[in-house]
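Undergrad: Just passing along the structure, written as C-alpha coordinates.
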Amino acid sequence: MILLKLFWSFFQIGLFSIGGGYAAMPLIQNQVVDIHPWLSMAQFADIMAIAEMTPGPIAINAATFVGIRVAGLVGAIVATLGCVTPSCAIVMALAFAYHRFRGMGIVQGILAALRPAMIAMIASAGLSLLIMAVYGQRALPGDLLSFDGVAVAIFLAGFIALRRWKPNPLYVMAGSGVLGVILYALL
Amino acid sequence: MAGALLTVLGTVLPPLVIISIVSLFYQAFRESVVANWALSGMLCGVAAVVLDVVINMAQGVIRQKRILPLVIMVASFVALRYFSVNILVVILACALIGAADTLRQERRRAA
(Lines give C-alpha, C1' and ligand atoms only; values in the text may rest on other atoms or scores of the structure.)
Protein backbone atom coordinates (compact mmCIF):
# COMPACT_ATOMS: atom_id res chain seq x y z
CA MET A 1 0.00 0.00 0.00
CA ILE A 2 2.78 2.40 0.94
CA LEU A 3 4.63 1.39 -2.24
CA LEU A 4 1.52 2.15 -4.27
CA LYS A 5 1.24 5.57 -2.63
CA LEU A 6 4.91 6.27 -3.34
CA PHE A 7 4.52 5.24 -6.97
CA TRP A 8 1.39 7.33 -7.47
CA SER A 9 2.88 10.41 -5.81
CA PHE A 10 6.03 10.36 -7.93
CA PHE A 11 4.00 9.42 -11.00
CA GLN A 12 2.12 12.70 -10.58
CA ILE A 13 5.38 14.57 -10.01
CA GLY A 14 6.81 13.05 -13.21
CA LEU A 15 3.61 13.74 -15.14
CA PHE A 16 3.22 17.39 -14.22
CA SER A 17 6.79 18.66 -13.96
CA ILE A 18 6.47 20.25 -17.39
CA GLY A 19 9.53 22.19 -18.41
CA GLY A 20 11.92 19.95 -16.51
CA GLY A 21 14.55 20.92 -13.97
CA TYR A 22 13.20 23.11 -11.26
CA ALA A 23 9.58 22.59 -12.33
CA ALA A 24 9.57 19.38 -10.27
CA MET A 25 10.45 21.21 -7.06
CA PRO A 26 7.05 22.69 -6.15
CA LEU A 27 5.34 19.40 -7.07
CA ILE A 28 7.70 17.41 -4.85
CA GLN A 29 7.05 19.81 -1.98
CA ASN A 30 3.32 19.46 -2.55
CA GLN A 31 3.41 15.64 -2.59
CA VAL A 32 5.96 14.76 0.09
CA VAL A 33 5.48 17.62 2.58
CA ASP A 34 1.90 18.81 2.16
CA ILE A 35 -0.10 15.76 1.07
CA HIS A 36 1.96 12.98 2.67
CA PRO A 37 3.87 13.27 5.94
CA TRP A 38 7.04 11.86 4.41
CA LEU A 39 9.40 14.81 4.91
CA SER A 40 9.35 17.91 7.10
CA MET A 41 9.88 21.23 5.35
CA ALA A 42 13.41 21.30 6.82
CA GLN A 43 14.18 17.86 5.39
CA PHE A 44 12.71 18.91 2.04
CA ALA A 45 14.99 21.95 2.03
CA ASP A 46 17.96 19.69 2.85
CA ILE A 47 17.22 17.33 -0.01
CA MET A 48 16.85 20.24 -2.43
CA ALA A 49 20.31 21.44 -1.40
CA ILE A 50 21.72 17.92 -1.74
CA ALA A 51 19.97 17.38 -5.09
CA GLU A 52 21.48 20.61 -6.39
CA MET A 53 24.96 19.39 -5.45
CA THR A 54 24.68 15.87 -6.89
CA PRO A 55 24.24 14.85 -10.53
CA GLY A 56 20.90 13.72 -11.91
CA PRO A 57 17.45 15.29 -12.17
CA ILE A 58 16.01 16.79 -8.97
CA ALA A 59 12.91 14.59 -9.12
CA ILE A 60 14.96 11.36 -9.32
CA ASN A 61 17.13 12.46 -6.41
CA ALA A 62 14.06 13.30 -4.34
CA ALA A 63 12.36 10.04 -5.33
CA THR A 64 15.34 8.03 -4.14
CA PHE A 65 15.69 9.95 -0.87
CA VAL A 66 11.99 9.85 0.01
CA GLY A 67 11.60 6.26 -1.17
CA ILE A 68 14.44 5.02 1.03
CA ARG A 69 13.14 6.86 4.10
CA VAL A 70 9.59 5.61 3.63
CA ALA A 71 10.13 2.02 2.44
CA GLY A 72 13.83 1.23 2.07
CA LEU A 73 15.61 0.45 -1.17
CA VAL A 74 12.47 -1.05 -2.72
CA GLY A 75 10.73 2.23 -1.95
CA ALA A 76 13.51 4.15 -3.69
CA ILE A 77 13.21 2.01 -6.81
CA VAL A 78 9.41 2.17 -6.88
CA ALA A 79 9.39 5.96 -6.41
CA THR A 80 12.01 6.39 -9.15
CA LEU A 81 10.00 4.16 -11.49
CA GLY A 82 6.90 6.23 -10.78
CA CYS A 83 8.87 9.35 -11.57
CA VAL A 84 10.15 8.26 -15.00
CA THR A 85 7.11 6.30 -16.21
CA PRO A 86 5.00 9.29 -17.37
CA SER A 87 7.75 10.97 -19.40
CA CYS A 88 8.78 7.63 -20.96
CA ALA A 89 5.19 6.93 -21.96
CA ILE A 90 4.57 10.46 -23.25
CA VAL A 91 7.80 10.73 -25.22
CA MET A 92 7.32 7.28 -26.78
CA ALA A 93 3.72 8.07 -27.70
CA LEU A 94 4.86 11.33 -29.28
CA ALA A 95 7.67 9.57 -31.15
CA PHE A 96 5.22 7.06 -32.63
CA ALA A 97 2.48 9.61 -33.36
CA TYR A 98 4.77 12.39 -34.51
CA HIS A 99 3.97 12.24 -38.21
CA ARG A 100 0.25 11.84 -37.84
CA PHE A 101 -0.18 14.27 -35.00
CA ARG A 102 -2.42 17.11 -36.12
CA GLY A 103 -3.28 18.77 -32.83
CA MET A 104 0.29 20.02 -32.40
CA GLY A 105 -0.96 23.63 -32.38
CA ILE A 106 -3.13 22.93 -29.35
CA VAL A 107 -0.35 21.08 -27.54
CA GLN A 108 1.94 24.04 -28.12
CA GLY A 109 -0.76 26.44 -26.94
CA ILE A 110 -1.17 24.41 -23.74
CA LEU A 111 2.58 24.32 -23.12
CA ALA A 112 2.82 28.07 -23.77
CA ALA A 113 0.19 28.69 -21.09
CA LEU A 114 1.81 26.25 -18.66
CA ARG A 115 5.24 27.88 -18.83
CA PRO A 116 4.29 31.06 -16.93
CA ALA A 117 2.32 28.97 -14.40
CA MET A 118 5.41 26.82 -13.84
CA ILE A 119 7.52 29.95 -13.27
CA ALA A 120 5.02 31.06 -10.63
CA MET A 121 5.20 27.64 -8.95
CA ILE A 122 8.99 27.60 -8.92
CA ALA A 123 8.97 31.16 -7.56
CA SER A 124 6.67 30.10 -4.74
CA ALA A 125 8.81 27.05 -3.89
CA GLY A 126 11.96 29.18 -4.06
CA LEU A 127 10.43 31.67 -1.63
CA SER A 128 9.55 28.80 0.73
CA LEU A 129 13.19 27.66 0.60
CA LEU A 130 14.40 31.20 1.28
CA ILE A 131 12.05 31.59 4.26
CA MET A 132 13.26 28.20 5.53
CA ALA A 133 16.90 29.29 5.15
CA VAL A 134 16.44 32.69 6.74
CA TYR A 135 13.90 32.00 9.49
CA GLY A 136 14.44 28.27 10.06
CA GLN A 137 10.71 27.61 9.76
CA ARG A 138 8.16 27.14 7.06
CA ALA A 139 5.93 30.20 7.38
CA LEU A 140 6.93 33.81 7.78
CA PRO A 141 7.11 34.57 11.52
CA GLY A 142 5.15 37.45 13.06
CA ASP A 143 8.42 39.21 13.82
CA LEU A 144 10.02 39.72 10.41
CA LEU A 145 13.22 41.02 12.01
CA SER A 146 13.98 37.70 13.71
CA PHE A 147 15.99 36.54 10.69
CA ASP A 148 19.31 34.74 10.69
CA GLY A 149 21.82 37.41 9.62
CA VAL A 150 24.42 34.90 8.44
CA ALA A 151 21.85 33.18 6.23
CA VAL A 152 20.72 36.48 4.72
CA ALA A 153 24.35 37.43 4.00
CA ILE A 154 25.10 34.09 2.29
CA PHE A 155 21.90 34.30 0.26
CA LEU A 156 22.66 37.85 -0.89
CA ALA A 157 26.25 36.96 -1.74
CA GLY A 158 25.11 34.01 -3.85
CA PHE A 159 22.26 35.92 -5.45
CA ILE A 160 24.37 38.94 -6.38
CA ALA A 161 27.15 36.70 -7.74
CA LEU A 162 24.61 34.83 -9.88
CA ARG A 163 23.00 37.98 -11.26
CA ARG A 164 26.30 39.68 -11.98
CA TRP A 165 28.65 36.96 -13.22
CA LYS A 166 26.31 34.06 -14.05
CA PRO A 167 28.63 31.42 -12.55
CA ASN A 168 27.89 27.71 -12.62
CA PRO A 169 25.30 27.19 -9.83
CA LEU A 170 27.48 24.38 -8.50
CA TYR A 171 30.14 26.94 -7.51
CA VAL A 172 27.52 29.03 -5.74
CA MET A 173 26.37 25.94 -3.82
CA ALA A 174 29.90 24.94 -2.86
CA GLY A 175 30.78 28.54 -1.97
CA SER A 176 27.73 28.98 0.23
CA GLY A 177 28.52 25.70 2.00
CA VAL A 178 32.05 26.91 2.76
CA LEU A 179 30.75 30.37 3.78
CA GLY A 180 28.25 28.64 6.09
CA VAL A 181 30.98 26.71 7.89
CA ILE A 182 33.24 29.77 8.22
CA LEU A 183 30.59 32.30 9.26
CA TYR A 184 28.67 30.05 11.70
CA ALA A 185 31.97 28.95 13.26
CA LEU A 186 33.09 32.55 13.75
CA LEU A 187 29.82 34.14 14.87
CA MET B 1 12.99 0.29 -27.61
CA ALA B 2 15.87 -1.49 -25.86
CA GLY B 3 17.99 1.59 -26.51
CA ALA B 4 15.35 3.83 -24.95
CA LEU B 5 15.13 1.66 -21.84
CA LEU B 6 18.91 1.48 -21.49
CA THR B 7 19.17 5.26 -21.77
CA VAL B 8 16.56 5.69 -19.05
CA LEU B 9 18.46 3.24 -16.86
CA GLY B 10 21.68 5.15 -17.49
CA THR B 11 20.03 8.41 -16.42
CA VAL B 12 18.35 6.98 -13.37
CA LEU B 13 20.99 4.68 -11.94
CA PRO B 14 23.73 7.18 -10.95
CA PRO B 15 21.46 9.46 -8.88
CA LEU B 16 19.74 6.39 -7.40
CA VAL B 17 23.08 5.05 -6.16
CA ILE B 18 24.46 8.41 -5.01
CA ILE B 19 21.35 9.50 -3.12
CA SER B 20 21.00 6.03 -1.55
CA ILE B 21 24.48 6.48 -0.10
CA VAL B 22 23.75 10.08 0.93
CA SER B 23 20.58 9.06 2.74
CA LEU B 24 22.54 6.39 4.62
CA PHE B 25 24.70 9.14 6.06
CA TYR B 26 22.00 11.80 6.29
CA GLN B 27 21.13 11.24 9.97
CA ALA B 28 24.78 11.25 11.08
CA PHE B 29 25.38 14.20 8.79
CA ARG B 30 22.55 16.17 10.35
CA GLU B 31 23.97 15.53 13.83
CA SER B 32 27.42 16.83 12.93
CA VAL B 33 27.74 20.52 13.78
CA VAL B 34 30.09 21.37 10.91
CA ALA B 35 27.97 19.53 8.34
CA ASN B 36 24.95 21.41 9.66
CA TRP B 37 26.69 24.72 9.10
CA ALA B 38 27.58 23.69 5.55
CA LEU B 39 24.03 22.50 4.86
CA SER B 40 22.54 25.71 6.27
CA GLY B 41 24.83 27.69 3.98
CA MET B 42 23.95 25.51 1.00
CA LEU B 43 20.26 26.05 1.69
CA CYS B 44 20.82 29.79 1.21
CA GLY B 45 22.75 28.94 -1.97
CA VAL B 46 19.95 26.83 -3.40
CA ALA B 47 17.40 29.57 -2.62
CA ALA B 48 19.62 32.05 -4.50
CA VAL B 49 20.01 29.67 -7.47
CA VAL B 50 16.27 29.00 -7.70
CA LEU B 51 15.28 32.66 -7.46
CA ASP B 52 17.94 33.55 -10.06
CA VAL B 53 16.43 30.96 -12.42
CA VAL B 54 12.94 32.33 -11.73
CA ILE B 55 14.02 35.87 -12.62
CA ASN B 56 15.63 34.69 -15.88
CA MET B 57 12.51 32.72 -16.83
CA ALA B 58 10.15 35.57 -15.86
CA GLN B 59 12.18 37.99 -17.99
CA GLY B 60 11.54 35.66 -20.94
CA VAL B 61 7.79 35.90 -20.33
CA ILE B 62 7.89 39.68 -19.92
CA ARG B 63 9.88 40.05 -23.16
CA GLN B 64 7.09 38.28 -25.09
CA LYS B 65 5.01 41.42 -24.52
CA ARG B 66 1.80 39.40 -24.40
CA ILE B 67 -0.78 39.99 -21.74
CA LEU B 68 -2.09 36.44 -21.28
CA PRO B 69 1.18 34.79 -20.12
CA LEU B 70 1.80 37.68 -17.72
CA VAL B 71 -1.69 37.36 -16.26
CA ILE B 72 -1.25 33.57 -15.94
CA MET B 73 2.09 34.03 -14.16
CA VAL B 74 0.85 36.59 -11.64
CA ALA B 75 -2.51 34.91 -11.06
CA SER B 76 -0.90 31.47 -10.54
CA PHE B 77 1.53 32.91 -8.02
CA VAL B 78 -1.21 34.66 -6.05
CA ALA B 79 -3.46 31.59 -6.18
CA LEU B 80 -0.70 29.26 -4.93
CA ARG B 81 0.90 31.52 -2.38
CA TYR B 82 -2.00 33.42 -0.86
CA PHE B 83 -5.04 31.23 -1.50
CA SER B 84 -3.38 27.80 -1.15
CA VAL B 85 -5.01 26.59 -4.36
CA ASN B 86 -4.00 23.02 -5.18
CA ILE B 87 -1.05 22.94 -7.56
CA LEU B 88 -2.72 20.42 -9.90
CA VAL B 89 -5.81 22.62 -10.14
CA VAL B 90 -3.60 25.51 -11.25
CA ILE B 91 -1.86 23.33 -13.86
CA LEU B 92 -5.13 22.01 -15.29
CA ALA B 93 -6.73 25.47 -15.33
CA CYS B 94 -3.75 26.92 -17.21
CA ALA B 95 -3.76 23.99 -19.68
CA LEU B 96 -7.45 24.71 -20.41
CA ILE B 97 -6.73 28.43 -20.85
CA GLY B 98 -3.90 27.58 -23.26
CA ALA B 99 -6.10 25.25 -25.31
CA ALA B 100 -8.95 27.80 -25.44
CA ASP B 101 -6.56 30.57 -26.45
CA THR B 102 -5.12 28.47 -29.30
CA LEU B 103 -8.61 27.60 -30.59
CA ARG B 104 -9.61 31.25 -30.46
CA GLN B 105 -6.52 32.31 -32.42
CA GLU B 106 -7.03 29.58 -35.01
CA ARG B 107 -10.65 30.58 -35.49
CA ARG B 108 -9.70 34.21 -35.90
CA ARG B 109 -7.06 33.26 -38.46
CA ALA B 110 -9.56 31.16 -40.39
CA ALA B 111 -12.14 33.96 -40.46
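In the C-alpha coordinates, the first chain shown is A, the next is B, and so on; residue numbers restart at 1 for each chain, and ligands run from 1 in the order shown.
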Tell me as a ChimeraX atom specification which residues belonging to chain A come within 6 Å of chain B, counting only C-alpha atoms.
TA: /A:49,56,61,64,106,109-110,113-114,116-117,120,123,126,129-130,133,155,158-159,173,176-177,180-181
Undergrad: Determine, counting only C-alpha atoms, which protein, DNA and RNA residues have an atom within 10 Å of an atom of Ala79 of chain A; residues of the same chain fewer than 5 positions away are not included. Present the result as a list in words.
TA: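 Everything that qualifies: Leu3, Leu4, Lys5, Leu6, Phe7, Trp8, Ser9, Phe10, Phe11, Ala59, Ile60, Ala62, Ala63, Thr64, Phe65, Val66, Gly67, Ile68, Ala71, Leu73, Val74 and Val84 of chain A.
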Undergrad: Save the residues we just selected, N, CA and C atoms, as a PDB file, in the first residue's frame?
TA:
```pdb
ATOM      1  N   LEU A   3       3.898   1.370  -0.967  1.00  0.00           N
ATOM      2  CA  LEU A   3       4.625   1.387  -2.240  1.00  0.00           C
ATOM      3  C   LEU A   3       3.754   1.984  -3.344  1.00  0.00           C
ATOM      4  N   LEU A   4       2.467   1.623  -3.291  1.00  0.00           N
ATOM      5  CA  LEU A   4       1.524   2.151  -4.274  1.00  0.00           C
ATOM      6  C   LEU A   4       1.406   3.670  -4.138  1.00  0.00           C
ATOM      7  N   LYS A   5       1.335   4.129  -2.879  1.00  0.00           N
ATOM      8  CA  LYS A   5       1.245   5.571  -2.625  1.00  0.00           C
ATOM      9  C   LYS A   5       2.482   6.290  -3.147  1.00  0.00           C
ATOM     10  N   LEU A   6       3.653   5.688  -2.862  1.00  0.00           N
ATOM     11  CA  LEU A   6       4.915   6.269  -3.339  1.00  0.00           C
ATOM     12  C   LEU A   6       4.911   6.382  -4.861  1.00  0.00           C
ATOM     13  N   PHE A   7       4.524   5.261  -5.508  1.00  0.00           N
ATOM     14  CA  PHE A   7       4.525   5.237  -6.972  1.00  0.00           C
ATOM     15  C   PHE A   7       3.601   6.318  -7.516  1.00  0.00           C
ATOM     16  N   TRP A   8       2.394   6.395  -6.971  1.00  0.00           N
ATOM     17  CA  TRP A   8       1.389   7.329  -7.473  1.00  0.00           C
ATOM     18  C   TRP A   8       1.822   8.777  -7.258  1.00  0.00           C
ATOM     19  N   SER A   9       2.405   9.061  -6.089  1.00  0.00           N
ATOM     20  CA  SER A   9       2.880  10.415  -5.809  1.00  0.00           C
ATOM     21  C   SER A   9       3.935  10.844  -6.820  1.00  0.00           C
ATOM     22  N   PHE A  10       4.937   9.972  -7.033  1.00  0.00           N
ATOM     23  CA  PHE A  10       6.026  10.359  -7.929  1.00  0.00           C
ATOM     24  C   PHE A  10       5.604  10.257  -9.390  1.00  0.00           C
ATOM     25  N   PHE A  11       4.579   9.444  -9.663  1.00  0.00           N
ATOM     26  CA  PHE A  11       4.001   9.422 -11.005  1.00  0.00           C
ATOM     27  C   PHE A  11       3.429  10.806 -11.334  1.00  0.00           C
ATOM     28  N   ALA A  59      14.024  15.482  -9.468  1.00  0.00           N
ATOM     29  CA  ALA A  59      12.908  14.591  -9.124  1.00  0.00           C
ATOM     30  C   ALA A  59      13.412  13.179  -8.812  1.00  0.00           C
ATOM     31  N   ILE A  60      14.413  12.704  -9.564  1.00  0.00           N
ATOM     32  CA  ILE A  60      14.959  11.360  -9.322  1.00  0.00           C
ATOM     33  C   ILE A  60      15.672  11.337  -7.967  1.00  0.00           C
ATOM     34  N   ALA A  62      15.071  13.235  -5.392  1.00  0.00           N
ATOM     35  CA  ALA A  62      14.058  13.299  -4.340  1.00  0.00           C
ATOM     36  C   ALA A  62      13.338  11.959  -4.213  1.00  0.00           C
ATOM     37  N   ALA A  63      13.053  11.328  -5.364  1.00  0.00           N
ATOM     38  CA  ALA A  63      12.355  10.037  -5.334  1.00  0.00           C
ATOM     39  C   ALA A  63      13.177   9.011  -4.561  1.00  0.00           C
ATOM     40  N   THR A  64      14.480   8.976  -4.830  1.00  0.00           N
ATOM     41  CA  THR A  64      15.342   8.027  -4.140  1.00  0.00           C
ATOM     42  C   THR A  64      15.374   8.299  -2.640  1.00  0.00           C
ATOM     43  N   PHE A  65      15.563   9.578  -2.289  1.00  0.00           N
ATOM     44  CA  PHE A  65      15.687   9.950  -0.874  1.00  0.00           C
ATOM     45  C   PHE A  65      14.397   9.638  -0.113  1.00  0.00           C
ATOM     46  N   VAL A  66      13.278  10.082  -0.651  1.00  0.00           N
ATOM     47  CA  VAL A  66      11.990   9.855   0.010  1.00  0.00           C
ATOM     48  C   VAL A  66      11.675   8.362   0.052  1.00  0.00           C
ATOM     49  N   GLY A  67      11.895   7.685  -1.093  1.00  0.00           N
ATOM     50  CA  GLY A  67      11.599   6.257  -1.174  1.00  0.00           C
ATOM     51  C   GLY A  67      12.351   5.463  -0.117  1.00  0.00           C
ATOM     52  N   ILE A  68      13.627   5.737   0.040  1.00  0.00           N
ATOM     53  CA  ILE A  68      14.443   5.019   1.033  1.00  0.00           C
ATOM     54  C   ILE A  68      13.939   5.270   2.446  1.00  0.00           C
ATOM     55  N   ALA A  71      10.265   3.472   2.609  1.00  0.00           N
ATOM     56  CA  ALA A  71      10.127   2.018   2.438  1.00  0.00           C
ATOM     57  C   ALA A  71      11.424   1.347   1.995  1.00  0.00           C
ATOM     58  N   LEU A  73      15.103   0.424   0.207  1.00  0.00           N
ATOM     59  CA  LEU A  73      15.611   0.446  -1.167  1.00  0.00           C
ATOM     60  C   LEU A  73      14.506   0.164  -2.181  1.00  0.00           C
ATOM     61  N   VAL A  74      13.604  -0.761  -1.820  1.00  0.00           N
ATOM     62  CA  VAL A  74      12.471  -1.050  -2.718  1.00  0.00           C
ATOM     63  C   VAL A  74      11.654   0.223  -2.933  1.00  0.00           C
ATOM     64  N   VAL A  84       9.750   8.251 -13.579  1.00  0.00           N
ATOM     65  CA  VAL A  84      10.154   8.260 -14.998  1.00  0.00           C
ATOM     66  C   VAL A  84       9.072   7.687 -15.920  1.00  0.00           C
TER      67      VAL A  84
END
```
Undergrad: Let me make sure I understand: among A:Arg164, A:Gly136, A:Leu94, A:Pro169, which one has the smallest atom-to-atom distance to Asp46 of chain A if we use only C-alpha atoms?
TA: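 Once distances to Asp46 of chain A are computed over only C-alpha atoms, the minimum belongs to A:Gly136.
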Undergrad: Please indicate the distance in Å from atom CA of Ser128 of chain A to atom CA of Gly75 of chain A, rounded to one decimal place.
TA: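 Computing the Euclidean distance for atom CA of Ser128 of chain A and atom CA of Gly75 of chain A yields 26.7 Å.
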Undergrad: Just checking: using only C-alpha atoms, which residue out of A:Ser40, A:Ser87, A:Gln108, A:Gln12 ends up closest to Leu27 of chain A?
TA: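 Looking at the shortest contact to Leu27 of chain A, the residue is A:Gln12.
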Undergrad: Expressed in Å to a single decimal, how great is the separation between atom CA of Ile47 of chain A and atom CA of Ile28 of chain A?
TA: 10.7 Å
Undergrad: Taking the DSSP secondary structure from the backbone, can you list the residues of segment 15-136 of chain A that are alpha helix (DSSP H), as number ranges by chain?
TA: A: 15-16, 24-29, 41-53, 58-97, 104-135
Undergrad: For a quick check of understanding, using only C-alpha atoms, which of A:Ile58, A:Met25, A:Leu111, A:Ile122 has the smallest distance to Thr80 of chain A?
TA: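 Between A:Ile58, A:Met25, A:Leu111, A:Ile122, the residue approaching Thr80 of chain A most closely is A:Ile58.
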Undergrad: State, in Å with one decimal place, the distance from atom CA of Asp34 of chain A to atom CA of Thr54 of chain A.
TA: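 Separating atom CA of Asp34 of chain A from atom CA of Thr54 of chain A is a distance of 24.7 Å.
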Undergrad: Residues near Trp38 of chain A, anyone? I mean within 9 Å using only C-alpha atoms, not counting same-chain ones fewer than 6 positions away, as JSON, numbers by chain.
TA: {"A": [31, 32, 66, 69, 70]}
Undergrad: Mind writing the picked residues with all heavy atoms as a short mmCIF file (atom, residue, chain, number, x, y, z; two decimals), in the first residue's frame?
TA:
```cif
data_model
loop_
_atom_site.label_atom_id
_atom_site.label_comp_id
_atom_site.auth_asym_id
_atom_site.auth_seq_id
_atom_site.Cartn_x
_atom_site.Cartn_y
_atom_site.Cartn_z
N GLN A 31 3.69 17.06 -2.83
CA GLN A 31 3.41 15.64 -2.59
C GLN A 31 4.02 15.12 -1.28
O GLN A 31 3.35 14.41 -0.53
CB GLN A 31 3.94 14.79 -3.75
CG GLN A 31 3.11 14.87 -5.02
CD GLN A 31 1.76 14.19 -4.88
OE1 GLN A 31 1.56 13.32 -4.04
NE2 GLN A 31 0.81 14.58 -5.71
N VAL A 32 5.28 15.44 -1.02
CA VAL A 32 5.96 14.76 0.09
C VAL A 32 5.93 15.55 1.41
O VAL A 32 6.22 14.99 2.46
CB VAL A 32 7.42 14.37 -0.25
CG1 VAL A 32 7.46 13.60 -1.55
CG2 VAL A 32 8.31 15.57 -0.31
N VAL A 66 13.28 10.08 -0.65
CA VAL A 66 11.99 9.85 0.01
C VAL A 66 11.68 8.36 0.05
O VAL A 66 11.26 7.83 1.08
CB VAL A 66 10.87 10.63 -0.71
CG1 VAL A 66 9.51 10.26 -0.13
CG2 VAL A 66 11.10 12.12 -0.59
N ARG A 69 13.59 6.53 2.74
CA ARG A 69 13.14 6.86 4.10
C ARG A 69 11.80 6.19 4.41
O ARG A 69 11.55 5.76 5.53
CB ARG A 69 12.99 8.37 4.25
CG ARG A 69 14.30 9.11 4.23
CD ARG A 69 14.07 10.57 4.54
NE ARG A 69 13.73 10.77 5.95
CZ ARG A 69 14.64 10.87 6.91
NH1 ARG A 69 15.92 10.77 6.63
NH2 ARG A 69 14.28 11.04 8.15
N VAL A 70 10.95 6.11 3.39
CA VAL A 70 9.59 5.61 3.63
C VAL A 70 9.55 4.08 3.57
O VAL A 70 8.88 3.44 4.39
CB VAL A 70 8.61 6.22 2.61
CG1 VAL A 70 7.24 5.60 2.74
CG2 VAL A 70 8.53 7.72 2.81
#
```
